[in-house]
file model00.txt (compact mmCIF, C-alpha atoms)
# COMPACT_ATOMS: atom_id res chain seq x y z
CA LEU A 30 -22.14 18.71 0.95
CA ILE A 31 -21.29 16.20 -1.76
CA ALA A 32 -24.79 14.74 -1.67
CA THR A 33 -26.43 18.15 -2.08
CA GLY A 34 -23.91 20.09 -4.17
CA PHE A 35 -22.46 17.66 -6.69
CA GLU A 36 -24.18 15.83 -9.50
CA GLU A 37 -23.27 12.34 -10.61
CA SER A 38 -20.66 12.53 -13.38
CA ALA A 39 -20.84 8.88 -14.40
CA PRO A 40 -22.50 7.96 -17.72
CA SER A 41 -26.01 6.59 -17.97
CA GLU A 42 -25.21 3.08 -16.67
CA ARG A 43 -25.57 3.93 -13.01
CA GLN A 44 -25.80 1.40 -10.23
CA PRO A 45 -28.88 1.66 -7.99
CA PHE A 46 -27.97 2.77 -4.48
CA ASN A 47 -29.35 0.02 -2.27
CA LEU A 48 -27.91 -2.63 0.03
CA PRO A 49 -28.36 -5.71 -2.22
CA THR A 50 -26.62 -3.97 -5.13
CA LEU A 51 -23.81 -2.77 -2.90
CA LEU A 52 -23.25 -6.23 -1.44
CA THR A 53 -23.30 -7.79 -4.92
CA ASN A 54 -20.76 -5.29 -6.18
CA TYR A 55 -18.50 -5.77 -3.16
CA LYS A 56 -18.66 -9.54 -3.67
CA SER A 57 -17.73 -9.08 -7.34
CA VAL A 58 -14.66 -7.11 -6.34
CA LEU A 59 -13.55 -9.52 -3.62
CA THR A 60 -14.02 -12.60 -5.80
CA ASP A 61 -12.19 -11.13 -8.79
CA ARG A 62 -8.66 -12.49 -8.55
CA VAL A 63 -6.99 -9.37 -9.95
CA SER A 64 -9.18 -6.62 -8.52
CA GLY A 65 -9.56 -8.26 -5.12
CA GLY A 66 -5.91 -9.25 -5.18
CA TYR A 67 -4.77 -5.68 -5.65
CA ALA A 68 -7.10 -4.57 -2.86
CA CYS A 69 -5.41 -7.09 -0.55
CA MET A 70 -1.94 -6.09 -1.68
CA GLY A 71 -2.65 -2.40 -1.21
CA ALA A 72 -4.07 -3.14 2.23
CA LEU A 73 -0.97 -5.09 3.28
CA MET A 74 1.38 -2.32 2.14
CA PHE A 75 -0.78 0.23 3.92
CA GLY A 76 -0.71 -1.91 7.05
CA GLY A 77 3.07 -1.80 7.01
CA MET A 78 2.97 1.97 6.75
CA PHE A 79 0.49 2.26 9.62
CA ALA A 80 2.89 0.35 11.84
CA TYR A 81 5.29 3.25 11.35
CA VAL A 82 2.65 5.96 11.71
CA SER A 83 1.21 4.54 14.94
CA ASN A 84 4.48 3.67 16.69
CA SER A 85 6.87 6.41 15.56
CA PRO A 86 5.83 9.08 18.13
CA LEU A 87 6.31 6.65 21.03
CA LEU A 88 9.59 5.42 19.60
CA PHE A 89 11.29 8.64 18.54
CA ILE A 90 10.04 10.84 21.38
CA GLY A 91 9.87 8.23 24.13
CA VAL A 92 12.94 6.10 23.35
CA TYR A 93 15.22 8.33 21.28
CA LYS A 94 14.21 11.47 23.21
CA LEU A 95 13.56 13.70 20.21
CA THR A 96 11.68 16.90 20.84
CA ALA A 97 8.22 17.31 19.41
CA THR A 98 9.61 19.80 16.89
CA ALA A 99 12.36 17.41 15.80
CA PHE A 100 9.85 14.58 15.44
CA GLY A 101 7.62 16.81 13.34
CA ALA A 102 10.55 17.52 11.02
CA LEU A 103 11.39 13.81 10.86
CA PHE A 104 7.79 12.94 10.02
CA ALA A 105 7.77 15.61 7.32
CA ILE A 106 10.91 14.11 5.79
CA THR A 107 9.38 10.67 5.57
CA SER A 108 6.15 12.14 4.23
CA LEU A 109 8.23 13.75 1.51
CA GLY A 110 9.16 10.21 0.53
CA ILE A 111 5.53 9.53 -0.50
CA MET A 112 5.52 12.68 -2.62
CA THR A 113 8.83 11.70 -4.21
CA GLY A 114 7.56 8.20 -5.01
CA ALA A 115 4.37 9.60 -6.53
CA PHE A 116 6.43 12.00 -8.66
CA ILE A 117 8.64 9.17 -9.92
CA ASN A 118 5.55 7.09 -10.68
CA GLY A 119 4.14 9.98 -12.68
CA ARG A 120 7.30 10.12 -14.75
CA LEU A 121 7.11 6.38 -15.38
CA SER A 122 3.47 6.70 -16.41
CA ALA A 123 4.35 9.56 -18.77
CA ARG A 124 6.60 7.10 -20.59
CA HIS A 125 3.59 4.76 -20.97
CA LEU A 126 5.21 2.00 -18.97
CA PRO A 127 2.90 -0.75 -17.65
CA HIS A 128 1.64 -0.20 -14.12
CA HIS A 129 3.45 -3.27 -12.85
CA VAL A 130 6.83 -1.62 -13.51
CA GLY A 131 6.34 1.00 -10.80
CA LEU A 132 4.66 -1.59 -8.63
CA ASN A 133 7.57 -4.01 -8.88
CA ILE A 134 10.05 -1.28 -8.00
CA GLY A 135 7.93 0.04 -5.13
CA ALA A 136 7.17 -3.33 -3.56
CA SER A 137 10.81 -4.41 -3.83
CA LEU A 138 12.05 -1.19 -2.23
CA ALA A 139 9.54 -1.63 0.59
CA VAL A 140 10.77 -5.14 1.36
CA VAL A 141 14.47 -4.25 1.14
CA SER A 142 14.16 -1.14 3.33
CA THR A 143 12.00 -2.76 6.02
CA LEU A 144 14.12 -5.91 6.19
CA ALA A 145 17.23 -3.74 6.48
CA ASN A 146 15.67 -1.84 9.38
CA LEU A 147 14.64 -5.08 11.06
CA THR A 148 18.12 -6.57 10.62
CA LEU A 149 19.79 -3.51 12.13
CA THR A 150 17.32 -3.64 15.01
CA CYS A 151 18.02 -7.30 15.73
CA LEU A 152 21.77 -6.58 15.64
CA GLY A 153 21.36 -3.72 18.11
CA LEU A 154 22.65 -1.20 15.56
CA SER A 155 19.48 0.81 14.91
CA SER A 156 19.37 4.51 15.66
CA VAL A 157 17.64 7.61 14.38
CA TYR A 158 20.37 7.88 11.75
CA THR A 159 19.72 4.38 10.40
CA LEU A 160 15.94 4.33 10.81
CA VAL A 161 15.06 7.60 9.08
CA PRO A 162 16.80 7.06 5.71
CA LEU A 163 15.32 3.58 5.40
CA LEU A 164 11.88 4.85 6.46
CA PHE A 165 12.20 7.47 3.72
CA VAL A 166 12.85 4.70 1.20
CA CYS A 167 9.85 2.79 2.51
CA THR A 168 7.50 5.78 2.26
CA LEU A 169 8.87 6.46 -1.23
CA SER A 170 7.93 2.90 -2.13
CA LEU A 171 4.38 3.57 -0.99
CA GLY A 172 4.20 6.62 -3.26
CA LEU A 173 5.31 4.40 -6.13
CA SER A 174 3.03 1.49 -5.31
CA ALA A 175 -0.23 3.04 -4.15
CA PRO A 176 -1.31 4.57 -7.49
CA ASN A 177 -0.57 1.28 -9.22
CA THR A 178 -2.43 -0.92 -6.73
CA THR A 179 -5.38 1.47 -7.13
CA HIS A 180 -5.15 1.16 -10.91
CA GLY A 181 -4.89 -2.61 -10.66
CA CYS A 182 -7.92 -2.78 -8.38
CA LEU A 183 -10.19 -0.52 -10.45
CA GLN A 184 -9.17 -1.36 -14.01
CA PRO A 185 -10.64 -4.90 -14.25
CA LEU A 186 -14.12 -3.75 -13.14
CA PRO A 187 -14.76 -0.32 -14.73
CA LYS A 188 -18.55 -0.51 -14.38
CA ILE A 189 -18.28 -0.82 -10.58
CA ALA A 190 -15.08 1.16 -10.07
CA GLY A 191 -16.69 3.02 -7.17
CA ALA A 192 -17.32 -0.24 -5.32
CA ALA A 193 -13.76 -1.38 -6.05
CA SER A 194 -12.43 1.91 -4.68
CA ALA A 195 -14.55 1.49 -1.56
CA VAL A 196 -13.28 -2.05 -0.97
CA LEU A 197 -9.70 -0.86 -1.43
CA ALA A 198 -10.05 2.03 1.02
CA CYS A 199 -11.95 -0.03 3.61
CA SER A 200 -9.42 -2.87 3.48
CA GLN A 201 -6.58 -0.37 3.94
CA MET A 202 -8.20 1.14 7.03
CA LEU A 203 -8.95 -2.27 8.54
CA THR A 204 -5.44 -3.57 7.90
CA GLY A 205 -3.95 -0.37 9.27
CA ALA A 206 -5.96 -0.85 12.45
CA VAL A 207 -4.80 -4.47 12.75
CA SER A 208 -1.12 -3.61 12.24
CA SER A 209 -1.36 -0.76 14.75
CA ALA A 210 -2.87 -3.14 17.30
CA ILE A 211 -0.11 -5.69 16.74
CA VAL A 212 2.59 -3.05 17.18
CA ALA A 213 0.95 -1.79 20.37
CA PHE A 214 0.75 -5.34 21.72
CA ILE A 215 4.42 -6.24 21.18
CA TYR A 216 6.01 -2.82 21.73
CA ASP A 217 8.59 -3.08 24.54
CA GLU A 218 9.16 0.67 25.04
CA ARG A 219 12.90 0.13 24.55
CA SER A 220 13.57 -0.59 20.88
CA PRO A 221 12.10 -0.23 17.38
CA PHE A 222 11.61 -4.00 17.08
CA ALA A 223 7.82 -3.87 17.14
CA MET A 224 7.66 -1.26 14.40
CA THR A 225 10.37 -2.71 12.17
CA ALA A 226 9.16 -6.31 12.54
CA VAL A 227 5.54 -5.52 11.71
CA MET A 228 6.54 -3.28 8.81
CA ALA A 229 8.78 -5.99 7.34
CA ALA A 230 6.14 -8.69 7.82
CA PHE A 231 3.39 -6.72 6.07
CA GLU A 232 5.55 -5.48 3.20
CA LEU A 233 7.01 -8.94 2.59
CA ALA A 234 3.51 -10.45 2.66
CA ALA A 235 2.38 -7.86 0.09
CA LEU A 236 5.22 -8.71 -2.30
CA VAL A 237 4.74 -12.47 -1.94
CA PHE A 238 0.98 -12.11 -2.47
CA TYR A 239 1.63 -10.07 -5.60
CA LEU A 240 4.10 -12.55 -7.08
CA VAL A 241 2.17 -15.70 -6.15
CA TRP A 242 -1.45 -14.61 -6.63
CA ILE A 243 -1.83 -11.46 -8.74
CA ARG A 244 0.86 -11.65 -11.44
CA PRO A 245 0.01 -15.23 -12.48
CA ALA A 246 -3.64 -14.19 -12.84
CA GLU A 247 -2.68 -11.14 -14.92
CA LYS A 248 -0.45 -13.24 -17.17
CA GLN A 249 -3.21 -15.79 -17.62
CA ILE A 250 -5.66 -13.06 -18.64
CA ALA A 251 -3.12 -11.51 -20.99
CA SER A 252 -2.38 -14.84 -22.67
CA SER A 253 -6.09 -15.61 -23.09
CA ASN A 254 -6.57 -12.26 -24.85
CA GLN A 255 -3.79 -12.91 -27.37
CA PRO A 256 -5.03 -13.50 -30.94
CA VAL A 257 -4.78 -17.08 -32.13
CA GLN A 258 -1.95 -17.62 -34.65
CA HIS A 259 -2.87 -19.59 -37.79
call {"tool": "encode", "arguments": {"input": "model00.txt", "output": "structure tokens"}}
result
Amino acid sequence: LIATGFEESAPSERQPFNLPTLLTNYKSVLTDRVSGGYACMGALMFGGMFAYVSNSPLLFIGVYKLTATAFGALFAITSLGIMTGAFINGRLSARHLPHHVGLNIGASLAVVSTLANLTLTCLGLSSVYTLVPLLFVCTLSLGLSAPNTTHGCLQPLPKIAGAASAVLACSQMLTGAVSSAIVAFIYDERSPFAMTAVMAAFELAALVFYLVWIRPAEKQIASSNQPVQH
């Protein structure tokens, strides 16, 4: 339907639609430290979220014996977290704050909430009443972070923003599949350890990658664009 009913809205500098051009554009995204870095960060955060999405029905219905209706309500509550985070991010953007402000807050909340859930699990103190509030905070962090990782991925390469968006989405799906497979492999059908451990690992990896790889590159670019003082 899109191919037949929608015209291209991009300006005259259009990229030819063929395999060599696509591969060249994808390579440009992946080799750009900022654009490719944000694609990796967004994928890692998404992988953490997929650990929750894939394991939560087995955990809450199979282990904690919630009814399907109760699980649906629980899932809706955590989904509301994404909407809340996106709303907060919109308010931050309306104040013209840099995108890394919302990203810093979101990534930090993701790490704190997932590590708290993992700690409670390891101490044998986890329950529906401890998991759900912290999962809400984690999904809220995704609502805060996702728009900013998208911005960070697309902004450095405006002429091939479509390719950057494709790399971002593909990497998120692949990482989500990997995290789901890891959770399925280590799930013991008795505790939330598999879910909480994988979520914490992916969210912590995303924050570390951001601080070690992306931010230094952004600061280097910003400093190189500063006018020379005479």
call {"tool": "residues_around", "arguments": {"input": "model00.txt", "residues": "Arg244 (chain A)", "least_positions_apart": "5", "cutoff": "12 Å", "atoms": "all atoms listed in the file", "output": "list of chain:residue names"}}
result
A:Arg62, A:Val63, A:Ser64, A:Gly66, A:Tyr67, A:Met70, A:His128, A:His129, A:Val130, A:Leu132, A:Asn133, A:Gly181, A:Leu236, A:Val237, A:Phe238, A:Tyr239, A:Gln249, A:Ile250, A:Ala251
call {"tool": "residues_around", "arguments": {"input": "model00.txt", "residues": "region 219-222 of chain A", "least_positions_apart": "2", "cutoff": "8 Å", "atoms": "all atoms listed in the file", "output": "ChimeraX atom specification"}}
result
/A:88,92,147,150-151,155,216-217,224-226
call {"tool": "closest_residue", "arguments": {"input": "model00.txt", "among": "A:Cys182, A:Cys199, A:Leu171, A:Ile189", "to": "Ala68 (chain A)", "atoms": "only C-alpha atoms"}}
result
A:Cys182
call {"tool": "residues_near_point", "arguments": {"input": "model00.txt", "point": "(1.2, 5.6, 5.7)", "cutoff": "9 Å", "atoms": "all atoms listed in the file", "output": "VMD selection string"}}
result
chain A and resid 74 to 82 108 111 168 171 205
call {"tool": "closest_residue", "arguments": {"input": "model00.txt", "among": "A:Ser122, A:Thr204, A:Ser85, A:Thr178", "to": "Leu164 (chain A)", "atoms": "only C-alpha atoms"}}
result
A:Ser85
call {"tool": "closest_residue", "arguments": {"input": "model00.txt", "among": "A:Gly34, A:Pro45, A:Pro162, A:Pro185", "to": "Leu109 (chain A)", "atoms": "only C-alpha atoms"}}
result
A:Pro162
call {"tool": "atom_distance", "arguments": {"input": "model00.txt", "atom1": "CA of Thr33 (chain A)", "atom2": "CA of Leu183 (chain A)"}}
result
26.1 Å
call {"tool": "residues_around", "arguments": {"input": "model00.txt", "residues": "Val196 (chain A)", "least_positions_apart": "2", "cutoff": "9 Å", "atoms": "only C-alpha atoms", "output": "list in words"}}
result
Tyr55, Val58, Leu59, Gly65, Ala68, Gly191, Ala192, Ala193, Ser194, Ala198, Cys199, Ser200 and Gln201 of chain A
call {"tool": "write_last_selection", "arguments": {"input": "model00.txt", "atoms": "C-alpha atoms", "output": "mmCIF file, in the frame of the given file"}}
result
data_model
loop_
_atom_site.group_PDB
_atom_site.id
_atom_site.type_symbol
_atom_site.label_atom_id
_atom_site.label_comp_id
_atom_site.auth_asym_id
_atom_site.auth_seq_id
_atom_site.Cartn_x
_atom_site.Cartn_y
_atom_site.Cartn_z
ATOM 1 C CA TYR A 55 -18.500 -5.770 -3.160
ATOM 2 C CA VAL A 58 -14.660 -7.110 -6.340
ATOM 3 C CA LEU A 59 -13.550 -9.520 -3.620
ATOM 4 C CA GLY A 65 -9.560 -8.260 -5.120
ATOM 5 C CA ALA A 68 -7.100 -4.570 -2.860
ATOM 6 C CA GLY A 191 -16.690 3.020 -7.170
ATOM 7 C CA ALA A 192 -17.320 -0.240 -5.320
ATOM 8 C CA ALA A 193 -13.760 -1.380 -6.050
ATOM 9 C CA SER A 194 -12.430 1.910 -4.680
ATOM 10 C CA ALA A 198 -10.050 2.030 1.020
ATOM 11 C CA CYS A 199 -11.950 -0.030 3.610
ATOM 12 C CA SER A 200 -9.420 -2.870 3.480
ATOM 13 C CA GLN A 201 -6.580 -0.370 3.940
#
call {"tool": "atom_distance", "arguments": {"input": "model00.txt", "atom1": "CA of Glu232 (chain A)", "atom2": "CA of Val207 (chain A)"}}
result
14.1 Å
call {"tool": "residues_near_point", "arguments": {"input": "model00.txt", "point": "(10.1, 12.9, 9.4)", "cutoff": "12 Å", "atoms": "only C-alpha atoms", "output": "VMD selection string"}}
result
chain A and resid 81 to 82 85 to 86 89 95 97 to 111 157 to 158 160 to 166 168
call {"tool": "write_last_selection", "arguments": {"input": "model00.txt", "atoms": "C-alpha atoms", "output": "PDB file, in the frame of the given file"}}
result
ATOM      1  CA  TYR A  81       5.290   3.250  11.350  1.00  0.00           C
ATOM      2  CA  VAL A  82       2.650   5.960  11.710  1.00  0.00           C
ATOM      3  CA  SER A  85       6.870   6.410  15.560  1.00  0.00           C
ATOM      4  CA  PRO A  86       5.830   9.080  18.130  1.00  0.00           C
ATOM      5  CA  PHE A  89      11.290   8.640  18.540  1.00  0.00           C
ATOM      6  CA  LEU A  95      13.560  13.700  20.210  1.00  0.00           C
ATOM      7  CA  ALA A  97       8.220  17.310  19.410  1.00  0.00           C
ATOM      8  CA  THR A  98       9.610  19.800  16.890  1.00  0.00           C
ATOM      9  CA  ALA A  99      12.360  17.410  15.800  1.00  0.00           C
ATOM     10  CA  PHE A 100       9.850  14.580  15.440  1.00  0.00           C
ATOM     11  CA  GLY A 101       7.620  16.810  13.340  1.00  0.00           C
ATOM     12  CA  ALA A 102      10.550  17.520  11.020  1.00  0.00           C
ATOM     13  CA  LEU A 103      11.390  13.810  10.860  1.00  0.00           C
ATOM     14  CA  PHE A 104       7.790  12.940  10.020  1.00  0.00           C
ATOM     15  CA  ALA A 105       7.770  15.610   7.320  1.00  0.00           C
ATOM     16  CA  ILE A 106      10.910  14.110   5.790  1.00  0.00           C
ATOM     17  CA  THR A 107       9.380  10.670   5.570  1.00  0.00           C
ATOM     18  CA  SER A 108       6.150  12.140   4.230  1.00  0.00           C
ATOM     19  CA  LEU A 109       8.230  13.750   1.510  1.00  0.00           C
ATOM     20  CA  GLY A 110       9.160  10.210   0.530  1.00  0.00           C
ATOM     21  CA  ILE A 111       5.530   9.530  -0.500  1.00  0.00           C
ATOM     22  CA  VAL A 157      17.640   7.610  14.380  1.00  0.00           C
ATOM     23  CA  TYR A 158      20.370   7.880  11.750  1.00  0.00           C
ATOM     24  CA  LEU A 160      15.940   4.330  10.810  1.00  0.00           C
ATOM     25  CA  VAL A 161      15.060   7.600   9.080  1.00  0.00           C
ATOM     26  CA  PRO A 162      16.800   7.060   5.710  1.00  0.00           C
ATOM     27  CA  LEU A 163      15.320   3.580   5.400  1.00  0.00           C
ATOM     28  CA  LEU A 164      11.880   4.850   6.460  1.00  0.00           C
ATOM     29  CA  PHE A 165      12.200   7.470   3.720  1.00  0.00           C
ATOM     30  CA  VAL A 166      12.850   4.700   1.200  1.00  0.00           C
ATOM     31  CA  THR A 168       7.500   5.780   2.260  1.00  0.00           C
TER      32      THR A 168
END
call {"tool": "atom_distance", "arguments": {"input": "model00.txt", "atom1": "CA of Ala234 (chain A)", "atom2": "CA of Asn54 (chain A)"}}
result
26.3 Å
call {"tool": "closest_residue", "arguments": {"input": "model00.txt", "among": "A:Leu51, A:Leu203, A:Ile31, A:Ala229", "to": "Ala190 (chain A)", "atoms": "only C-alpha atoms"}}
result
A:Leu51
call {"tool": "closest_residue", "arguments": {"input": "model00.txt", "among": "A:Thr96, A:Ser170, A:Ser83, A:Thr159", "to": "Ala136 (chain A)", "atoms": "all atoms listed in the file"}}
result
A:Ser170
call {"tool": "decode", "arguments": {"input": "model00.txt", "residues": "region 88-125 of chain A", "atoms": "N, CA and C atoms", "output": "short mmCIF file (atom, residue, chain, number, x, y, z; two decimals), in the first residue's frame"}}
result
data_model
loop_
_atom_site.label_atom_id
_atom_site.label_comp_id
_atom_site.auth_asym_id
_atom_site.auth_seq_id
_atom_site.Cartn_x
_atom_site.Cartn_y
_atom_site.Cartn_z
N LEU A 88 6.50 -16.14 33.72
CA LEU A 88 6.82 -15.85 35.12
C LEU A 88 5.57 -15.53 35.93
N PHE A 89 4.79 -14.56 35.47
CA PHE A 89 3.67 -14.08 36.28
C PHE A 89 2.49 -15.04 36.28
N ILE A 90 2.27 -15.73 35.18
CA ILE A 90 1.16 -16.69 35.15
C ILE A 90 1.61 -18.05 35.65
N GLY A 91 2.82 -18.48 35.24
CA GLY A 91 3.28 -19.81 35.61
C GLY A 91 3.81 -19.91 37.03
N VAL A 92 4.57 -18.89 37.48
CA VAL A 92 5.20 -18.94 38.80
C VAL A 92 4.35 -18.24 39.85
N TYR A 93 3.91 -17.03 39.54
CA TYR A 93 3.14 -16.26 40.53
C TYR A 93 1.63 -16.49 40.44
N LYS A 94 1.22 -17.33 39.50
CA LYS A 94 -0.17 -17.80 39.40
C LYS A 94 -1.19 -16.67 39.20
N LEU A 95 -0.81 -15.65 38.48
CA LEU A 95 -1.78 -14.61 38.13
C LEU A 95 -2.72 -15.14 37.05
N THR A 96 -3.94 -14.66 37.06
CA THR A 96 -4.85 -15.01 35.98
C THR A 96 -4.45 -14.24 34.72
N ALA A 97 -4.97 -14.71 33.60
CA ALA A 97 -4.67 -14.02 32.34
C ALA A 97 -5.15 -12.58 32.38
N THR A 98 -6.31 -12.34 33.00
CA THR A 98 -6.83 -10.99 33.11
C THR A 98 -5.92 -10.11 33.97
N ALA A 99 -5.47 -10.66 35.09
CA ALA A 99 -4.57 -9.90 35.97
C ALA A 99 -3.24 -9.61 35.27
N PHE A 100 -2.73 -10.58 34.51
CA PHE A 100 -1.49 -10.34 33.79
C PHE A 100 -1.68 -9.27 32.73
N GLY A 101 -2.83 -9.28 32.06
CA GLY A 101 -3.11 -8.25 31.06
C GLY A 101 -3.10 -6.86 31.69
N ALA A 102 -3.69 -6.75 32.89
CA ALA A 102 -3.70 -5.46 33.59
C ALA A 102 -2.28 -5.06 33.98
N LEU A 103 -1.50 -6.03 34.46
CA LEU A 103 -0.11 -5.76 34.83
C LEU A 103 0.69 -5.27 33.62
N PHE A 104 0.50 -5.94 32.49
CA PHE A 104 1.23 -5.57 31.29
C PHE A 104 0.82 -4.18 30.82
N ALA A 105 -0.46 -3.86 30.99
CA ALA A 105 -0.94 -2.53 30.62
C ALA A 105 -0.30 -1.46 31.50
N ILE A 106 -0.13 -1.77 32.78
CA ILE A 106 0.49 -0.82 33.71
C ILE A 106 1.92 -0.52 33.28
N THR A 107 2.67 -1.57 32.98
CA THR A 107 4.05 -1.35 32.58
C THR A 107 4.13 -0.67 31.21
N SER A 108 3.18 -0.96 30.34
CA SER A 108 3.14 -0.27 29.05
C SER A 108 2.87 1.22 29.24
N LEU A 109 2.07 1.54 30.26
CA LEU A 109 1.82 2.94 30.58
C LEU A 109 3.12 3.65 30.95
N GLY A 110 4.09 2.89 31.48
CA GLY A 110 5.38 3.48 31.79
C GLY A 110 6.05 4.06 30.56
N ILE A 111 5.97 3.36 29.42
CA ILE A 111 6.56 3.87 28.18
C ILE A 111 5.90 5.18 27.78
N MET A 112 4.57 5.23 27.88
CA MET A 112 3.83 6.44 27.53
C MET A 112 4.22 7.59 28.47
N THR A 113 4.36 7.28 29.75
CA THR A 113 4.74 8.30 30.72
C THR A 113 6.14 8.85 30.42
N GLY A 114 7.07 7.93 30.12
CA GLY A 114 8.43 8.37 29.78
C GLY A 114 8.46 9.22 28.52
N ALA A 115 7.68 8.84 27.51
CA ALA A 115 7.62 9.62 26.28
C ALA A 115 7.03 11.01 26.54
N PHE A 116 6.03 11.08 27.43
CA PHE A 116 5.42 12.36 27.77
C PHE A 116 6.45 13.27 28.47
N ILE A 117 7.19 12.70 29.43
CA ILE A 117 8.21 13.47 30.13
C ILE A 117 9.27 13.95 29.14
N ASN A 118 9.67 13.07 28.23
CA ASN A 118 10.67 13.46 27.24
C ASN A 118 10.16 14.60 26.37
N GLY A 119 8.88 14.57 26.03
CA GLY A 119 8.31 15.66 25.26
C GLY A 119 8.37 16.99 26.00
N ARG A 120 8.13 16.93 27.30
CA ARG A 120 8.21 18.15 28.10
C ARG A 120 9.65 18.66 28.16
N LEU A 121 10.59 17.76 28.27
CA LEU A 121 12.00 18.17 28.28
C LEU A 121 12.39 18.79 26.94
N SER A 122 11.91 18.18 25.86
CA SER A 122 12.21 18.72 24.52
C SER A 122 11.59 20.10 24.33
N ALA A 123 10.39 20.28 24.89
CA ALA A 123 9.73 21.59 24.76
C ALA A 123 10.53 22.70 25.44
N ARG A 124 11.35 22.33 26.39
CA ARG A 124 12.22 23.30 27.05
C ARG A 124 13.56 23.46 26.34
N HIS A 125 13.69 22.80 25.17
CA HIS A 125 14.87 22.89 24.32
C HIS A 125 16.13 22.38 25.02
#
